[in-house]
$ cat protein22.cif   # mmCIF, C-alpha atoms
data_data
#
loop_
_atom_site.group_PDB
_atom_site.id
_atom_site.type_symbol
_atom_site.label_atom_id
_atom_site.label_comp_id
_atom_site.auth_asym_id
_atom_site.auth_seq_id
_atom_site.Cartn_x
_atom_site.Cartn_y
_atom_site.Cartn_z
ATOM 1 C CA MET Z 191 3.428 29.949 -25.883
ATOM 2 C CA ARG Z 192 1.612 26.848 -27.156
ATOM 3 C CA GLU Z 193 4.878 25.288 -28.285
ATOM 4 C CA ARG Z 194 6.377 25.813 -24.864
ATOM 5 C CA GLN Z 195 3.362 24.212 -23.161
ATOM 6 C CA ALA Z 196 3.421 21.294 -25.602
ATOM 7 C CA PHE Z 197 7.140 20.800 -24.900
ATOM 8 C CA GLN Z 198 6.540 20.834 -21.125
ATOM 9 C CA ASP Z 199 3.637 18.385 -21.445
ATOM 10 C CA ALA Z 200 5.756 16.024 -23.548
ATOM 11 C CA ARG Z 201 8.648 16.231 -21.069
ATOM 12 C CA ARG Z 202 6.291 15.583 -18.168
ATOM 13 C CA ALA Z 203 4.797 12.555 -19.942
ATOM 14 C CA ARG Z 204 8.274 11.124 -20.704
ATOM 15 C CA GLU Z 205 9.425 11.592 -17.110
ATOM 16 C CA PHE Z 206 6.282 9.962 -15.745
ATOM 17 C CA GLU Z 207 6.494 7.049 -18.209
ATOM 18 C CA ALA Z 208 10.104 6.437 -17.148
ATOM 19 C CA PHE Z 209 9.059 6.527 -13.500
ATOM 20 C CA VAL Z 210 6.213 4.049 -14.070
ATOM 21 C CA ALA Z 211 8.483 1.717 -16.053
ATOM 22 C CA GLY Z 212 10.885 1.585 -13.120
ATOM 23 C CA ALA Z 213 8.502 1.623 -10.162
ATOM 24 C CA ALA Z 214 5.220 0.026 -11.199
ATOM 25 C CA GLY Z 215 6.339 -3.552 -10.602
ATOM 26 C CA ARG Z 216 7.378 -2.971 -7.015
ATOM 27 C CA LEU Z 217 4.319 -0.818 -6.302
ATOM 28 C CA LEU Z 218 2.032 -3.481 -7.780
ATOM 29 C CA HIS Z 219 3.672 -6.109 -5.608
ATOM 30 C CA ALA Z 220 3.113 -3.950 -2.520
ATOM 31 C CA ALA Z 221 -0.521 -3.378 -3.512
ATOM 32 C CA THR Z 222 -0.967 -7.122 -4.065
ATOM 33 C CA LEU Z 223 0.402 -7.812 -0.596
ATOM 34 C CA LEU Z 224 -1.990 -5.243 0.854
ATOM 35 C CA THR Z 225 -5.054 -6.679 -0.837
ATOM 36 C CA ALA Z 226 -3.897 -10.254 -0.057
ATOM 37 C CA GLU Z 227 -4.678 -11.354 -3.587
ATOM 38 C CA GLN Z 228 -2.820 -13.907 -5.669
ATOM 39 C CA PRO Z 229 -0.080 -12.270 -7.780
ATOM 40 C CA ARG Z 230 -1.633 -13.551 -11.021
ATOM 41 C CA ASP Z 231 -5.179 -12.569 -10.075
ATOM 42 C CA ASN Z 232 -5.089 -9.147 -8.432
ATOM 43 C CA PRO Z 233 -7.746 -6.791 -9.828
ATOM 44 C CA ARG Z 234 -8.117 -4.818 -6.579
ATOM 45 C CA ALA Z 235 -4.352 -4.324 -6.344
ATOM 46 C CA ARG Z 236 -4.250 -3.120 -9.956
ATOM 47 C CA ALA Z 237 -7.105 -0.690 -9.314
ATOM 48 C CA LEU Z 238 -5.339 0.570 -6.193
ATOM 49 C CA LEU Z 239 -2.114 1.103 -8.134
ATOM 50 C CA THR Z 240 -3.903 2.809 -11.025
ATOM 51 C CA ALA Z 241 -5.580 5.299 -8.700
ATOM 52 C CA ALA Z 242 -2.306 6.005 -6.889
ATOM 53 C CA LEU Z 243 -0.407 6.532 -10.147
ATOM 54 C CA ALA Z 244 -3.163 8.793 -11.479
ATOM 55 C CA HIS Z 245 -2.847 10.957 -8.372
ATOM 56 C CA THR Z 246 0.940 10.976 -8.658
ATOM 57 C CA TYR Z 247 0.718 12.068 -12.307
ATOM 58 C CA ALA Z 248 -1.771 14.806 -11.431
ATOM 59 C CA THR Z 249 0.661 16.213 -8.861
ATOM 60 C CA TRP Z 250 3.838 15.499 -10.863
ATOM 61 C CA ASP Z 251 4.754 19.151 -11.410
ATOM 62 C CA ARG Z 252 4.422 19.912 -7.698
ATOM 63 C CA LEU Z 253 6.860 17.250 -6.506
ATOM 64 C CA ARG Z 254 9.822 19.670 -6.637
ATOM 65 C CA GLY Z 255 12.608 17.358 -5.578
ATOM 66 C CA GLU Z 256 10.364 14.953 -3.655
ATOM 67 C CA ASP Z 257 10.802 11.295 -4.580
ATOM 68 C CA PRO Z 258 7.865 10.287 -6.801
ATOM 69 C CA TYR Z 259 8.121 6.705 -5.523
ATOM 70 C CA ASP Z 260 7.498 7.913 -1.972
ATOM 71 C CA ARG Z 261 4.465 9.883 -3.170
ATOM 72 C CA ALA Z 262 3.035 6.932 -5.094
ATOM 73 C CA ARG Z 263 3.674 4.517 -2.191
ATOM 74 C CA GLN Z 264 1.975 6.945 0.175
ATOM 75 C CA GLN Z 265 -1.035 7.117 -2.151
ATOM 76 C CA VAL Z 266 -1.265 3.317 -2.358
ATOM 77 C CA ALA Z 267 -1.180 3.107 1.441
ATOM 78 C CA LEU Z 268 -3.679 5.921 2.002
ATOM 79 C CA ARG Z 269 -6.136 4.638 -0.574
ATOM 80 C CA PHE Z 270 -5.919 1.140 0.888
ATOM 81 C CA ALA Z 271 -6.359 2.450 4.434
ATOM 82 C CA ARG Z 272 -9.366 4.612 3.578
ATOM 83 C CA GLY Z 273 -11.396 1.854 2.030
ATOM 84 C CA ALA Z 274 -9.897 -1.473 2.893
ATOM 85 C CA TRP Z 275 -9.866 -1.649 6.659
ATOM 86 C CA ARG Z 276 -13.581 -2.163 6.642
ATOM 87 C CA ARG Z 277 -14.091 -4.222 3.477
ATOM 88 C CA HIS Z 278 -11.124 -6.192 2.196
ATOM 89 C CA ARG Z 279 -10.395 -9.678 3.345
ATOM 90 C CA GLY Z 280 -7.637 -11.764 1.886
ATOM 91 C CA HIS Z 281 -8.196 -14.079 -1.043
ATOM 92 C CA GLY Z 282 -5.307 -16.497 -0.933
ATOM 93 C CA GLY Z 283 -2.362 -14.137 -0.801
ATOM 94 C CA VAL Z 284 0.698 -14.567 1.349
ATOM 95 C CA LEU Z 285 -0.658 -12.236 4.029
ATOM 96 C CA GLU Z 286 -4.292 -13.340 3.969
ATOM 97 C CA ARG Z 287 -4.226 -14.400 7.651
ATOM 98 C CA LEU Z 288 -3.619 -10.780 8.635
ATOM 99 C CA GLY Z 289 -6.222 -8.093 8.989
ATOM 100 C CA PRO Z 290 -6.032 -5.099 6.640
ATOM 101 C CA GLN Z 291 -4.361 -2.822 9.216
ATOM 102 C CA GLU Z 292 -1.758 -5.457 10.025
ATOM 103 C CA ARG Z 293 -1.079 -5.997 6.305
ATOM 104 C CA LEU Z 294 -0.687 -2.275 5.710
ATOM 105 C CA ILE Z 295 1.755 -1.794 8.566
ATOM 106 C CA LEU Z 296 3.722 -4.941 7.739
ATOM 107 C CA VAL Z 297 4.043 -4.026 4.060
ATOM 108 C CA LEU Z 298 5.095 -0.456 4.823
ATOM 109 C CA ARG Z 299 7.591 -1.470 7.502
ATOM 110 C CA MET Z 300 9.059 -4.717 6.183
ATOM 111 C CA TYR Z 301 8.566 -4.656 2.416
ATOM 112 C CA GLU Z 302 8.894 -0.941 1.765
ATOM 113 C CA GLY Z 303 11.292 -0.155 4.610
ATOM 114 C CA VAL Z 304 9.363 2.863 5.881
ATOM 115 C CA ALA Z 305 10.489 3.926 9.361
ATOM 116 C CA GLU Z 306 8.168 3.248 12.284
ATOM 117 C CA GLU Z 307 7.731 6.973 12.975
ATOM 118 C CA GLN Z 308 6.876 7.711 9.330
ATOM 119 C CA THR Z 309 4.397 4.845 9.233
ATOM 120 C CA ALA Z 310 2.805 6.100 12.430
ATOM 121 C CA ALA Z 311 2.532 9.637 11.061
ATOM 122 C CA LEU Z 312 1.059 8.404 7.778
ATOM 123 C CA LEU Z 313 -1.599 6.357 9.561
ATOM 124 C CA GLY Z 314 -2.234 8.718 12.470
ATOM 125 C CA LEU Z 315 -1.229 6.155 15.079
ATOM 126 C CA PRO Z 316 1.295 6.297 17.922
ATOM 127 C CA ALA Z 317 4.672 4.805 16.995
ATOM 128 C CA GLU Z 318 4.388 2.303 19.845
ATOM 129 C CA ARG Z 319 1.099 1.026 18.431
ATOM 130 C CA VAL Z 320 2.655 0.618 14.982
ATOM 131 C CA GLY Z 321 5.513 -1.355 16.540
ATOM 132 C CA ALA Z 322 3.135 -3.619 18.439
ATOM 133 C CA ILE Z 323 0.951 -4.269 15.385
ATOM 134 C CA CYS Z 324 4.008 -4.982 13.247
ATOM 135 C CA ALA Z 325 5.409 -7.419 15.813
ATOM 136 C CA ARG Z 326 2.067 -9.221 16.088
ATOM 137 C CA ALA Z 327 1.749 -9.427 12.301
ATOM 138 C CA MET Z 328 5.287 -10.785 11.952
ATOM 139 C CA ALA Z 329 4.576 -13.420 14.596
ATOM 140 C CA THR Z 330 1.412 -14.462 12.763
ATOM 141 C CA VAL Z 331 3.229 -14.738 9.433
ATOM 142 C CA LEU Z 332 6.272 -16.537 10.835
ATOM 143 C CA HIS Z 333 4.366 -18.851 13.192
ATOM 144 C CA PRO Z 334 0.922 -19.540 11.744
ATOM 145 C CA PRO Z 335 -1.500 -21.464 13.940
ATOM 146 C CA ARG Z 336 -1.617 -25.198 13.333
ATOM 147 C CA GLY Z 337 -5.011 -26.721 12.797
ATOM 148 C CA PRO Z 338 -8.425 -25.200 13.433
ATOM 149 C CA ALA Z 339 -9.001 -22.604 16.087
ATOM 150 C CA PRO Z 340 -10.261 -23.959 19.419
ATOM 151 C CA VAL Z 341 -13.990 -23.803 19.983
ATOM 152 C CA ARG Z 342 -14.887 -21.363 22.739
ATOM 153 C CA ALA Z 343 -17.738 -22.030 25.101
ATOM 154 C CA LEU Z 344 -20.518 -19.468 25.207
ATOM 155 C CA SER Z 345 -20.457 -17.252 28.261
ATOM 156 C CA GLY Z 346 -21.565 -19.114 31.338
ATOM 157 C CA THR Z 347 -21.999 -22.493 29.662
ATOM 158 C CA ALA Z 348 -19.688 -25.441 29.767
ATOM 159 C CA PRO Z 349 -18.947 -27.534 26.684
ATOM 160 C CA SER Z 350 -20.959 -30.754 26.524
#
$ encode --input "protein22.cif" --output "structure tokens"
Amino acid sequence: MRERQAFQDARRAREFEAFVAGAAGRLLHAATLLTAEQPRDNPRARALLTAALAHTYATWDRLRGEDPYDRARQQVALRFARGAWRRHRGHGGVLERLGPQERLILVLRMYEGVAEEQTAALLGLPAERVGAICARAMATVLHPPRGPAPVRALSGTAPS
């Protein structure tokens, strides 16, 4: 019985190691885009990926035909969404002009190729809202504002 368990544990470890060798680079890139960090200096993205891979490994035996990449990507997105929408601002990454929700939707839709309906279901948003946020994020990335933002007058007062 112990030999059988040891064999299964070794097989599981080999399968997971092969998965990580093939998928970790792309998942790390997605996490780096989400955290809006520089690719060479991305500790939050690495922590996000580590937590997602740990969860994927813990549930490895229950995947039963499910794509482990989809599971790991979903974990990266969920972990980012749970904590980042309130705390994480960009630090020089390509998508730093975007808010966390816009980054998450843009990365899932454009980088990962997740369908609008799947993204909406994952985030608990209507598909139309996901489409609108994605379009706004794409416009911001493709046509960034030039120069400083205009100064707005306080309510009821005219600029001097």
$ resolve_selection --input "protein22.cif" --expression "the PyMOL selection byres ((chain Z and resi 266) around 7)" --output "PyMOL selection string"
chain Z and resi 221+238-239+242+262-265+267-270
$ write_last_selection --input "protein22.cif" --atoms "C-alpha atoms" --output "PDB file, keeping the file's coordinate frame"
ATOM      1  CA  ALA Z 221      -0.521  -3.378  -3.512  1.00  0.00           C
ATOM      2  CA  LEU Z 238      -5.339   0.570  -6.193  1.00  0.00           C
ATOM      3  CA  LEU Z 239      -2.114   1.103  -8.134  1.00  0.00           C
ATOM      4  CA  ALA Z 242      -2.306   6.005  -6.889  1.00  0.00           C
ATOM      5  CA  ALA Z 262       3.035   6.932  -5.094  1.00  0.00           C
ATOM      6  CA  ARG Z 263       3.674   4.517  -2.191  1.00  0.00           C
ATOM      7  CA  GLN Z 264       1.975   6.945   0.175  1.00  0.00           C
ATOM      8  CA  GLN Z 265      -1.035   7.117  -2.151  1.00  0.00           C
ATOM      9  CA  ALA Z 267      -1.180   3.107   1.441  1.00  0.00           C
ATOM     10  CA  LEU Z 268      -3.679   5.921   2.002  1.00  0.00           C
ATOM     11  CA  ARG Z 269      -6.136   4.638  -0.574  1.00  0.00           C
ATOM     12  CA  PHE Z 270      -5.919   1.140   0.888  1.00  0.00           C
TER      13      PHE Z 270
END
$ atom_distance --input "protein22.cif" --atom1 "atom CA of Arg293 of chain Z" --atom2 "atom CA of Asp257 of chain Z"
23.6 Å
$ closest_residue --input "protein22.cif" --among "Z:Pro316, Z:Ala226, Z:Ala237, Z:Thr249" --to "Gly289 of chain Z" --atoms "only C-alpha atoms"
Z:Ala226
$ resolve_selection --input "protein22.cif" --expression "the PyMOL selection byres ((chain Z and resi 205-216) around 10)" --output "list in words"
Asp199, Ala200, Arg201, Arg202, Ala203, Arg204, Leu217, Leu218, His219, Ala220, Ala221, Thr222, Leu239, Thr240, Leu243, Thr246, Tyr247, Trp250, Pro258, Tyr259, Ala262, Arg263, Tyr301 and Glu302 of chain Z
$ closest_residue --input "protein22.cif" --among "Z:Ala329, Z:Ala235, Z:Ala310, Z:Cys324" --to "Val297 of chain Z" --atoms "all atoms listed in the file"
Z:Cys324
$ decode --input "protein22.cif" --residues "segment 209-276 of chain Z" --atoms "C-alpha atoms" --output "PDB file, in the first residue's frame"
ATOM      1  CA  PHE Z 209       3.044  21.534 -16.145  1.00  0.00           C
ATOM      2  CA  VAL Z 210       4.924  24.285 -14.286  1.00  0.00           C
ATOM      3  CA  ALA Z 211       7.873  24.057 -16.688  1.00  0.00           C
ATOM      4  CA  GLY Z 212       5.524  24.660 -19.605  1.00  0.00           C
ATOM      5  CA  ALA Z 213       3.071  27.153 -18.125  1.00  0.00           C
ATOM      6  CA  ALA Z 214       4.838  29.188 -15.453  1.00  0.00           C
ATOM      7  CA  GLY Z 215       6.369  31.703 -17.851  1.00  0.00           C
ATOM      8  CA  ARG Z 216       3.081  32.680 -19.437  1.00  0.00           C
ATOM      9  CA  LEU Z 217       1.282  32.719 -16.081  1.00  0.00           C
ATOM     10  CA  LEU Z 218       4.013  34.908 -14.579  1.00  0.00           C
ATOM     11  CA  HIS Z 219       3.708  37.305 -17.491  1.00  0.00           C
ATOM     12  CA  ALA Z 220      -0.059  37.514 -16.962  1.00  0.00           C
ATOM     13  CA  ALA Z 221       0.443  38.098 -13.230  1.00  0.00           C
ATOM     14  CA  THR Z 222       3.020  40.800 -13.993  1.00  0.00           C
ATOM     15  CA  LEU Z 223       0.549  42.529 -16.291  1.00  0.00           C
ATOM     16  CA  LEU Z 224      -2.096  42.357 -13.571  1.00  0.00           C
ATOM     17  CA  THR Z 225       0.119  43.844 -10.889  1.00  0.00           C
ATOM     18  CA  ALA Z 226       1.497  46.434 -13.361  1.00  0.00           C
ATOM     19  CA  GLU Z 227       5.032  45.766 -12.202  1.00  0.00           C
ATOM     20  CA  GLN Z 228       8.189  45.824 -14.283  1.00  0.00           C
ATOM     21  CA  PRO Z 229       8.995  42.365 -15.708  1.00  0.00           C
ATOM     22  CA  ARG Z 230      12.396  42.305 -13.978  1.00  0.00           C
ATOM     23  CA  ASP Z 231      11.068  43.544 -10.641  1.00  0.00           C
ATOM     24  CA  ASN Z 232       7.776  41.793  -9.923  1.00  0.00           C
ATOM     25  CA  PRO Z 233       7.599  40.425  -6.366  1.00  0.00           C
ATOM     26  CA  ARG Z 234       3.805  40.778  -6.110  1.00  0.00           C
ATOM     27  CA  ALA Z 235       3.322  38.952  -9.413  1.00  0.00           C
ATOM     28  CA  ARG Z 236       5.618  36.149  -8.238  1.00  0.00           C
ATOM     29  CA  ALA Z 237       3.720  35.859  -4.955  1.00  0.00           C
ATOM     30  CA  LEU Z 238       0.429  35.783  -6.857  1.00  0.00           C
ATOM     31  CA  LEU Z 239       1.720  33.035  -9.143  1.00  0.00           C
ATOM     32  CA  THR Z 240       3.140  31.018  -6.247  1.00  0.00           C
ATOM     33  CA  ALA Z 241      -0.182  31.057  -4.408  1.00  0.00           C
ATOM     34  CA  ALA Z 242      -2.083  30.090  -7.563  1.00  0.00           C
ATOM     35  CA  LEU Z 243       0.300  27.222  -8.338  1.00  0.00           C
ATOM     36  CA  ALA Z 244       0.125  26.000  -4.738  1.00  0.00           C
ATOM     37  CA  HIS Z 245      -3.663  25.849  -5.006  1.00  0.00           C
ATOM     38  CA  THR Z 246      -3.447  24.102  -8.371  1.00  0.00           C
ATOM     39  CA  TYR Z 247      -1.057  21.499  -6.932  1.00  0.00           C
ATOM     40  CA  ALA Z 248      -3.324  20.945  -3.929  1.00  0.00           C
ATOM     41  CA  THR Z 249      -6.245  20.198  -6.255  1.00  0.00           C
ATOM     42  CA  TRP Z 250      -4.198  18.369  -8.916  1.00  0.00           C
ATOM     43  CA  ASP Z 251      -5.817  14.972  -8.354  1.00  0.00           C
ATOM     44  CA  ARG Z 252      -9.307  16.455  -8.663  1.00  0.00           C
ATOM     45  CA  LEU Z 253      -8.788  18.038 -12.079  1.00  0.00           C
ATOM     46  CA  ARG Z 254     -10.057  14.920 -13.900  1.00  0.00           C
ATOM     47  CA  GLY Z 255      -9.627  16.027 -17.479  1.00  0.00           C
ATOM     48  CA  GLU Z 256      -9.845  19.756 -16.727  1.00  0.00           C
ATOM     49  CA  ASP Z 257      -7.013  21.831 -18.175  1.00  0.00           C
ATOM     50  CA  PRO Z 258      -4.604  22.672 -15.336  1.00  0.00           C
ATOM     51  CA  TYR Z 259      -3.630  25.902 -17.110  1.00  0.00           C
ATOM     52  CA  ASP Z 260      -7.239  27.088 -16.961  1.00  0.00           C
ATOM     53  CA  ARG Z 261      -7.360  26.269 -13.243  1.00  0.00           C
ATOM     54  CA  ALA Z 262      -4.099  28.084 -12.514  1.00  0.00           C
ATOM     55  CA  ARG Z 263      -5.126  31.117 -14.615  1.00  0.00           C
ATOM     56  CA  GLN Z 264      -8.447  31.232 -12.788  1.00  0.00           C
ATOM     57  CA  GLN Z 265      -6.620  31.166  -9.447  1.00  0.00           C
ATOM     58  CA  VAL Z 266      -4.297  33.998 -10.507  1.00  0.00           C
ATOM     59  CA  ALA Z 267      -7.309  36.076 -11.551  1.00  0.00           C
ATOM     60  CA  LEU Z 268      -9.359  35.307  -8.439  1.00  0.00           C
ATOM     61  CA  ARG Z 269      -6.504  35.969  -6.046  1.00  0.00           C
ATOM     62  CA  PHE Z 270      -5.729  39.247  -7.800  1.00  0.00           C
ATOM     63  CA  ALA Z 271      -9.392  40.278  -7.780  1.00  0.00           C
ATOM     64  CA  ARG Z 272      -9.904  39.480  -4.100  1.00  0.00           C
ATOM     65  CA  GLY Z 273      -7.060  41.596  -2.847  1.00  0.00           C
ATOM     66  CA  ALA Z 274      -5.892  43.900  -5.565  1.00  0.00           C
ATOM     67  CA  TRP Z 275      -8.897  45.959  -6.541  1.00  0.00           C
ATOM     68  CA  ARG Z 276      -8.582  47.891  -3.341  1.00  0.00           C
TER      69      ARG Z 276
END
